[in-house]
Number of protein chains: 2
Amino acid sequence: MAKCQEGIQIMEKLPESDPEKRAKQSLAKIKNKFIVLSGKGGVGKTSVSVNLSLALANKGYKIGLMDVDIHGPDIPRMLGLQGMLDMNENKKLLPKSYSKNLSAVSIESLIPNNDDAIIWRGPMKHTAINQFIGDVEWGYLDYLIIDSPPGTGDEPLTVAQLIKDARAIIVTTPQEVALADVRKSINFCKTVKMKIFGLIENMSGYTCPHCSKMVELFGTGGGEKTAMAMGVAFLGKIPFDAKMVSCGDLGTSYQDQYNDSVITRAFANIAERMANLVAD
Amino acid sequence: MAKCQEGIQIMEKLPESDPEKRAKQSLAKIKNKFIVLSGKGGVGKTSVSVNLSLALANKGYKIGLMDVDIHGPDIPRMLGLQGMLDMNENKKLLPKSYSKNLSAVSIESLIPNNDDAIIWRGPMKHTAINQFIGDVEWGYLDYLIIDSPPGTGDEPLTVAQLIKDARAIIVTTPQEVALADVRKSINFCKTVKMKIFGLIENMSGYTCPHCSKMVELFGTGGGEKTAMAMGVAFLGKIPFDAKMVSCGDLGTSYQDQYNDSVITRAFANIAERMANLVAD
């Protein structure tokens, strides 16, 4: 009898062999899932993902940051995370820990030479993203923030299929060329039935460090107008700051260094909305 | 006998049924092929593709501009091209004509509602790109300039496989996060055996319109250093100009409006190098 029970215990401990089921087991322990999307590249999507994660972690929430940008994974550099992922006794990958409340997983932490290009077609990327969920020991999380590559290709489509309750945060810059692509992202979410949490206008104006006057690098206000026109919540404007670029390059937290800046307050406000709305 | 000859003529006029062969027939009429790549999105790759095409067209060359960015096609907007592509009597698509010397093809000119998202996985994109080459009546061209999405995914891989003699022009901004991704693009070209024509550093500094002082938005010089370190030709630095953003939004040519600007001269210089090196 004892032996039988022991046998059952061992059976329960054996890892689930179906990858889709393993992913479901991981997701069941994560309360809220957000995917950060953009229509166009270079609008600061990764920077937004990192800074929202930091702002939520600062509020005491447990955060996992998953980088599903297979061809241009920038999360480890921006968080200053080095080295490869370790494995635990259950053969699950351990996310890289940035702080007590924030850990991250990226393809960058799985390839020995960071300058190697990942030349994978769609189906390989689908498999990789499934493993990022099911084969990673995320543990119990308040928020999983997913940073995706720009556009409406394989990676966000895979996330939409695997994580049915993921909500989208869409990032744009204010110029029309970017807004045209944002409308595609919004329609993508509608097509795949993904809830849109809201839209952020990034790189919205810049203060010249020499004369302190405001410069509209990419215009301003276009994101808010587009959000209204498309019936999507507007989460806020974030100005451009060259210090944010250098913090990203150095892997240091802009929010810690400039904790009373307009940008830090903007991220704290959006994090507050994420915490409030999700608590409803 | 006459009938027989007529029969042969008709046979010859029948379109080639094998899509790969149709693509080869199109490519045989195009002297030089360039693909514009970037590791990271938002570095101004499309803006560079458009402006190099305009600079070469201004020199009197016949240019085709092919937009293989399926999820975020910006070429038609930047050139102010509207409406759908027409078909000729051979059932081939006619590229949209911008000027006597420049015409373009994009997925945007094939879908009725421009805000619709194209939610295609890799194999569909491969088929579409093959058709952009073989089912389009490009005619005889001096240069085909191919604008690709950022990264090293399906679209540049398909171009590398279909157009063996395509040369890569890699665009980056100067910050380290972008340069890390550029090294991946260079390694991608080496892996798929695509010749690299050179690297362009875009958004390299900005002159404040209020105080006329130089601001390094994303740093400066990183592109040139990376090109040297990786053994790739450096094609030049192009500063940021908000007027370039608004010209892109309006679909008007920056080079025509600001024909003596630093940026216009920079593009003319790179076009000159493309013309000279290819003539060797």
# chains A, B, ... in the order shown; residues from 1 in each chain; ligands from 1
>>> select_by_dssp(residues="region 83-113 of chain A", states="strand (DSSP E)", output="PDB file with N, CA and C atoms, in the first residue's frame")
ATOM      1  N   ASP A  86      20.103  28.574 -16.239  1.00  0.00           N
ATOM      2  CA  ASP A  86      20.383  27.301 -15.560  1.00  0.00           C
ATOM      3  C   ASP A  86      19.134  26.421 -15.588  1.00  0.00           C
ATOM      4  N   MET A  87      19.349  25.136 -15.228  1.00  0.00           N
ATOM      5  CA  MET A  87      18.235  24.197 -15.180  1.00  0.00           C
ATOM      6  C   MET A  87      18.080  23.701 -13.740  1.00  0.00           C
ATOM      7  N   LEU A  93      14.002  25.160 -17.092  1.00  0.00           N
ATOM      8  CA  LEU A  93      14.903  26.309 -17.160  1.00  0.00           C
ATOM      9  C   LEU A  93      14.531  27.328 -16.094  1.00  0.00           C
ATOM     10  N   LEU A  94      15.548  27.905 -15.470  1.00  0.00           N
ATOM     11  CA  LEU A  94      15.294  28.935 -14.458  1.00  0.00           C
ATOM     12  C   LEU A  94      15.456  30.306 -15.092  1.00  0.00           C
ATOM     13  N   LYS A  96      16.307  34.196 -15.650  1.00  0.00           N
ATOM     14  CA  LYS A  96      17.376  35.025 -15.077  1.00  0.00           C
ATOM     15  C   LYS A  96      16.763  36.013 -14.097  1.00  0.00           C
ATOM     16  N   SER A  97      17.330  36.096 -12.921  1.00  0.00           N
ATOM     17  CA  SER A  97      16.771  36.982 -11.910  1.00  0.00           C
ATOM     18  C   SER A  97      17.407  38.368 -11.994  1.00  0.00           C
ATOM     19  N   TYR A  98      16.578  39.406 -12.126  1.00  0.00           N
ATOM     20  CA  TYR A  98      17.072  40.785 -12.121  1.00  0.00           C
ATOM     21  C   TYR A  98      17.005  41.345 -10.708  1.00  0.00           C
ATOM     22  N   SER A  99      15.907  41.031 -10.029  1.00  0.00           N
ATOM     23  CA  SER A  99      15.731  41.459  -8.640  1.00  0.00           C
ATOM     24  C   SER A  99      14.811  40.434  -7.982  1.00  0.00           C
ATOM     25  N   LEU A 102      11.607  40.435 -10.047  1.00  0.00           N
ATOM     26  CA  LEU A 102      11.600  40.443 -11.519  1.00  0.00           C
ATOM     27  C   LEU A 102      12.617  39.460 -12.084  1.00  0.00           C
ATOM     28  N   SER A 103      12.112  38.547 -12.943  1.00  0.00           N
ATOM     29  CA  SER A 103      13.030  37.648 -13.653  1.00  0.00           C
ATOM     30  C   SER A 103      12.613  37.583 -15.113  1.00  0.00           C
ATOM     31  N   ALA A 104      13.542  37.141 -15.974  1.00  0.00           N
ATOM     32  CA  ALA A 104      13.307  37.247 -17.419  1.00  0.00           C
ATOM     33  C   ALA A 104      13.846  36.045 -18.171  1.00  0.00           C
ATOM     34  N   VAL A 105      13.210  35.764 -19.315  1.00  0.00           N
ATOM     35  CA  VAL A 105      13.678  34.705 -20.207  1.00  0.00           C
ATOM     36  C   VAL A 105      13.736  35.256 -21.631  1.00  0.00           C
ATOM     37  N   SER A 106      14.825  34.926 -22.332  1.00  0.00           N
ATOM     38  CA  SER A 106      15.010  35.392 -23.700  1.00  0.00           C
ATOM     39  C   SER A 106      15.843  34.369 -24.456  1.00  0.00           C
TER      40      SER A 106
END
>>> residues_around(residues="Lys243 (chain A)", least_positions_apart="5", cutoff="9 Å", atoms="only C-alpha atoms", output="compact mmCIF listing (two decimals) with C-alpha atoms, in the first residue's frame")
# COMPACT_ATOMS: atom_id res chain seq x y z
CA GLY A 248 19.24 50.67 -22.09
CA TYR A 254 16.43 54.52 -15.82
CA LEU B 217 19.75 61.26 -29.72
>>> residues_around(residues="Met124 (chain B)", least_positions_apart="3", cutoff="12 Å", atoms="only C-alpha atoms", output="PyMOL selection string")
(chain A and resi 121-122+153-154) or (chain B and resi 70+118-121+127-131+154-155+158)
>>> residues_around(residues="Thr226 (chain A)", least_positions_apart="6", cutoff="12 Å", atoms="only C-alpha atoms", output="JSON, numbers by chain")
{"A": [170, 171, 172, 173, 174, 175, 176, 178, 179, 180, 181, 182, 183, 184, 185, 186, 198, 199, 200, 201, 220, 232, 233, 234], "B": [115]}
>>> write_last_selection(atoms="C-alpha atoms", output="short mmCIF file (atom, residue, chain, number, x, y, z; two decimals), in the first residue's frame")
data_model
loop_
_atom_site.label_atom_id
_atom_site.label_comp_id
_atom_site.auth_asym_id
_atom_site.auth_seq_id
_atom_site.Cartn_x
_atom_site.Cartn_y
_atom_site.Cartn_z
CA ILE A 170 0.18 48.55 -28.05
CA VAL A 171 3.10 50.98 -28.34
CA THR A 172 3.43 53.58 -31.08
CA THR A 173 5.31 56.75 -31.93
CA PRO A 174 3.18 59.72 -33.05
CA GLN A 175 3.95 59.91 -36.80
CA GLU A 176 1.41 58.74 -39.39
CA ALA A 178 3.71 54.41 -37.31
CA LEU A 179 0.00 54.99 -36.72
CA ALA A 180 -0.90 53.22 -39.97
CA ASP A 181 0.88 50.15 -38.62
CA VAL A 182 -0.79 50.52 -35.19
CA ARG A 183 -4.19 50.29 -36.82
CA LYS A 184 -3.03 46.94 -38.21
CA SER A 185 -2.03 45.81 -34.71
CA ILE A 186 -5.44 46.79 -33.35
CA GLY A 198 -4.59 50.15 -24.18
CA LEU A 199 -2.22 52.19 -26.30
CA ILE A 200 0.94 54.07 -25.27
CA GLU A 201 2.38 56.97 -27.29
CA THR A 220 2.82 64.49 -30.93
CA VAL A 232 -9.02 51.73 -27.57
CA ALA A 233 -8.03 53.04 -24.10
CA PHE A 234 -5.18 55.58 -24.14
CA ASP B 115 -5.60 49.01 -41.97
#
>>> residues_around(residues="Leu162 (chain A)", least_positions_apart="4", cutoff="10 Å", atoms="only C-alpha atoms", output="ChimeraX atom specification")
/A:20,23-24,27,126,129-130,133,156-158,166
>>> atom_distance(atom1="CA of Ile263 (chain A)", atom2="CA of Ile238 (chain A)")
5.9 Å
>>> atom_distance(atom1="CA of Ser204 (chain B)", atom2="CA of Gly64 (chain B)")
27.5 Å
>>> closest_residue(among="B:Ala57, B:Gly41, B:Ala268, B:Gln257", to="Ser148 (chain A)", atoms="only C-alpha atoms")
B:Gly41
>>> select_by_dssp(residues="region 28-197 of chain A", states="alpha helix (DSSP H)", output="ChimeraX atom specification")
/A:28,45-58,75-79,122-134,154-162,176-191
>>> residues_around(residues="Asn101 (chain A)", least_positions_apart="5", cutoff="10 Å", atoms="only C-alpha atoms", output="PyMOL selection string")
chain A and resi 53-54+56-64+141-142
>>> residues_around(residues="Gly42 (chain A)", least_positions_apart="3", cutoff="9 Å", atoms="only C-alpha atoms", output="PyMOL selection string")
(chain A and resi 38+45-46+150+173) or (chain B and resi 40-44)
>>> decode(residues="region 21-63 of chain B", atoms="N, CA and C atoms", output="mmCIF file, in the first residue's frame")
data_model
loop_
_atom_site.group_PDB
_atom_site.id
_atom_site.type_symbol
_atom_site.label_atom_id
_atom_site.label_comp_id
_atom_site.auth_asym_id
_atom_site.auth_seq_id
_atom_site.Cartn_x
_atom_site.Cartn_y
_atom_site.Cartn_z
ATOM 1 N N LYS B 21 10.404 29.344 -61.769
ATOM 2 C CA LYS B 21 10.950 29.688 -63.095
ATOM 3 C C LYS B 21 10.503 31.079 -63.509
ATOM 4 N N ARG B 22 9.254 31.417 -63.178
ATOM 5 C CA ARG B 22 8.755 32.760 -63.508
ATOM 6 C C ARG B 22 9.608 33.808 -62.788
ATOM 7 N N ALA B 23 9.947 33.530 -61.531
ATOM 8 C CA ALA B 23 10.782 34.463 -60.769
ATOM 9 C C ALA B 23 12.154 34.601 -61.445
ATOM 10 N N LYS B 24 12.714 33.480 -61.895
ATOM 11 C CA LYS B 24 14.030 33.520 -62.564
ATOM 12 C C LYS B 24 13.986 34.361 -63.832
ATOM 13 N N GLN B 25 12.884 34.220 -64.591
ATOM 14 C CA GLN B 25 12.745 35.006 -65.824
ATOM 15 C C GLN B 25 12.719 36.502 -65.506
ATOM 16 N N SER B 26 11.995 36.870 -64.445
ATOM 17 C CA SER B 26 11.952 38.282 -64.046
ATOM 18 C C SER B 26 13.336 38.771 -63.644
ATOM 19 N N LEU B 27 14.025 37.973 -62.826
ATOM 20 C CA LEU B 27 15.323 38.388 -62.277
ATOM 21 C C LEU B 27 16.380 38.531 -63.366
ATOM 22 N N ALA B 28 16.245 37.746 -64.450
ATOM 23 C CA ALA B 28 17.240 37.799 -65.525
ATOM 24 C C ALA B 28 17.272 39.176 -66.190
ATOM 25 N N LYS B 29 16.164 39.933 -66.042
ATOM 26 C CA LYS B 29 16.101 41.257 -66.690
ATOM 27 C C LYS B 29 16.541 42.380 -65.747
ATOM 28 N N ILE B 30 16.974 42.011 -64.544
ATOM 29 C CA ILE B 30 17.349 43.036 -63.543
ATOM 30 C C ILE B 30 18.848 42.950 -63.289
ATOM 31 N N LYS B 31 19.543 44.083 -63.554
ATOM 32 C CA LYS B 31 21.013 44.041 -63.477
ATOM 33 C C LYS B 31 21.526 43.885 -62.050
ATOM 34 N N ASN B 32 21.056 44.714 -61.124
ATOM 35 C CA ASN B 32 21.619 44.732 -59.773
ATOM 36 C C ASN B 32 20.521 44.648 -58.728
ATOM 37 N N LYS B 33 20.744 43.807 -57.742
ATOM 38 C CA LYS B 33 19.736 43.626 -56.707
ATOM 39 C C LYS B 33 20.340 43.955 -55.340
ATOM 40 N N PHE B 34 19.670 44.792 -54.598
ATOM 41 C CA PHE B 34 20.101 45.142 -53.240
ATOM 42 C C PHE B 34 18.955 44.896 -52.265
ATOM 43 N N ILE B 35 19.256 44.307 -51.122
ATOM 44 C CA ILE B 35 18.249 44.192 -50.060
ATOM 45 C C ILE B 35 18.688 45.055 -48.880
ATOM 46 N N VAL B 36 17.774 45.883 -48.401
ATOM 47 C CA VAL B 36 18.083 46.752 -47.262
ATOM 48 C C VAL B 36 17.617 46.042 -45.992
ATOM 49 N N LEU B 37 18.570 45.754 -45.114
ATOM 50 C CA LEU B 37 18.304 44.983 -43.893
ATOM 51 C C LEU B 37 18.554 45.844 -42.663
ATOM 52 N N SER B 38 17.951 45.460 -41.558
ATOM 53 C CA SER B 38 18.364 46.025 -40.274
ATOM 54 C C SER B 38 18.157 44.962 -39.214
ATOM 55 N N GLY B 39 18.978 45.025 -38.168
ATOM 56 C CA GLY B 39 18.797 44.081 -37.080
ATOM 57 C C GLY B 39 17.570 44.460 -36.271
ATOM 58 N N LYS B 40 17.448 45.752 -36.015
ATOM 59 C CA LYS B 40 16.420 46.296 -35.135
ATOM 60 C C LYS B 40 15.415 47.078 -35.973
ATOM 61 N N GLY B 41 14.182 47.140 -35.524
ATOM 62 C CA GLY B 41 13.191 47.940 -36.226
ATOM 63 C C GLY B 41 13.349 49.416 -35.902
ATOM 64 N N GLY B 42 12.728 50.255 -36.718
ATOM 65 C CA GLY B 42 12.674 51.689 -36.432
ATOM 66 C C GLY B 42 13.975 52.424 -36.587
ATOM 67 N N VAL B 43 14.921 51.833 -37.325
ATOM 68 C CA VAL B 43 16.190 52.530 -37.538
ATOM 69 C C VAL B 43 16.128 53.357 -38.825
ATOM 70 N N GLY B 44 14.989 53.315 -39.495
ATOM 71 C CA GLY B 44 14.832 54.112 -40.713
ATOM 72 C C GLY B 44 15.167 53.334 -41.974
ATOM 73 N N LYS B 45 14.993 52.024 -41.919
ATOM 74 C CA LYS B 45 15.320 51.157 -43.055
ATOM 75 C C LYS B 45 14.487 51.499 -44.285
ATOM 76 N N THR B 46 13.177 51.684 -44.095
ATOM 77 C CA THR B 46 12.305 51.998 -45.230
ATOM 78 C C THR B 46 12.639 53.371 -45.791
ATOM 79 N N SER B 47 12.904 54.310 -44.907
ATOM 80 C CA SER B 47 13.294 55.647 -45.328
ATOM 81 C C SER B 47 14.586 55.580 -46.158
ATOM 82 N N VAL B 48 15.534 54.744 -45.751
ATOM 83 C CA VAL B 48 16.782 54.571 -46.509
ATOM 84 C C VAL B 48 16.486 53.918 -47.866
ATOM 85 N N SER B 49 15.633 52.891 -47.894
ATOM 86 C CA SER B 49 15.294 52.212 -49.160
ATOM 87 C C SER B 49 14.685 53.204 -50.151
ATOM 88 N N VAL B 50 13.730 54.001 -49.638
ATOM 89 C CA VAL B 50 13.050 54.973 -50.492
ATOM 90 C C VAL B 50 14.042 56.018 -50.996
ATOM 91 N N ASN B 51 14.881 56.534 -50.094
ATOM 92 C CA ASN B 51 15.773 57.621 -50.487
ATOM 93 C C ASN B 51 16.919 57.165 -51.385
ATOM 94 N N LEU B 52 17.394 55.933 -51.196
ATOM 95 C CA LEU B 52 18.409 55.415 -52.125
ATOM 96 C C LEU B 52 17.788 55.209 -53.504
ATOM 97 N N SER B 53 16.545 54.726 -53.534
ATOM 98 C CA SER B 53 15.855 54.522 -54.818
ATOM 99 C C SER B 53 15.681 55.856 -55.537
ATOM 100 N N LEU B 54 15.263 56.887 -54.788
ATOM 101 C CA LEU B 54 15.072 58.213 -55.387
ATOM 102 C C LEU B 54 16.404 58.776 -55.886
ATOM 103 N N ALA B 55 17.478 58.587 -55.086
ATOM 104 C CA ALA B 55 18.790 59.120 -55.479
ATOM 105 C C ALA B 55 19.282 58.427 -56.748
ATOM 106 N N LEU B 56 19.078 57.116 -56.860
ATOM 107 C CA LEU B 56 19.507 56.385 -58.064
ATOM 108 C C LEU B 56 18.635 56.760 -59.262
ATOM 109 N N ALA B 57 17.326 56.918 -59.013
ATOM 110 C CA ALA B 57 16.418 57.316 -60.106
ATOM 111 C C ALA B 57 16.797 58.704 -60.614
ATOM 112 N N ASN B 58 17.203 59.588 -59.692
ATOM 113 C CA ASN B 58 17.638 60.933 -60.094
ATOM 114 C C ASN B 58 18.880 60.906 -60.974
ATOM 115 N N LYS B 59 19.663 59.851 -60.853
ATOM 116 C CA LYS B 59 20.857 59.709 -61.702
ATOM 117 C C LYS B 59 20.511 59.101 -63.062
ATOM 118 N N GLY B 60 19.231 58.791 -63.270
ATOM 119 C CA GLY B 60 18.806 58.299 -64.583
ATOM 120 C C GLY B 60 18.670 56.793 -64.682
ATOM 121 N N TYR B 61 18.864 56.084 -63.560
ATOM 122 C CA TYR B 61 18.725 54.625 -63.601
ATOM 123 C C TYR B 61 17.261 54.214 -63.479
ATOM 124 N N LYS B 62 16.940 53.058 -64.050
ATOM 125 C CA LYS B 62 15.599 52.477 -63.905
ATOM 126 C C LYS B 62 15.568 51.659 -62.612
ATOM 127 N N ILE B 63 14.665 52.023 -61.718
ATOM 128 C CA ILE B 63 14.657 51.426 -60.378
ATOM 129 C C ILE B 63 13.322 50.753 -60.075
#
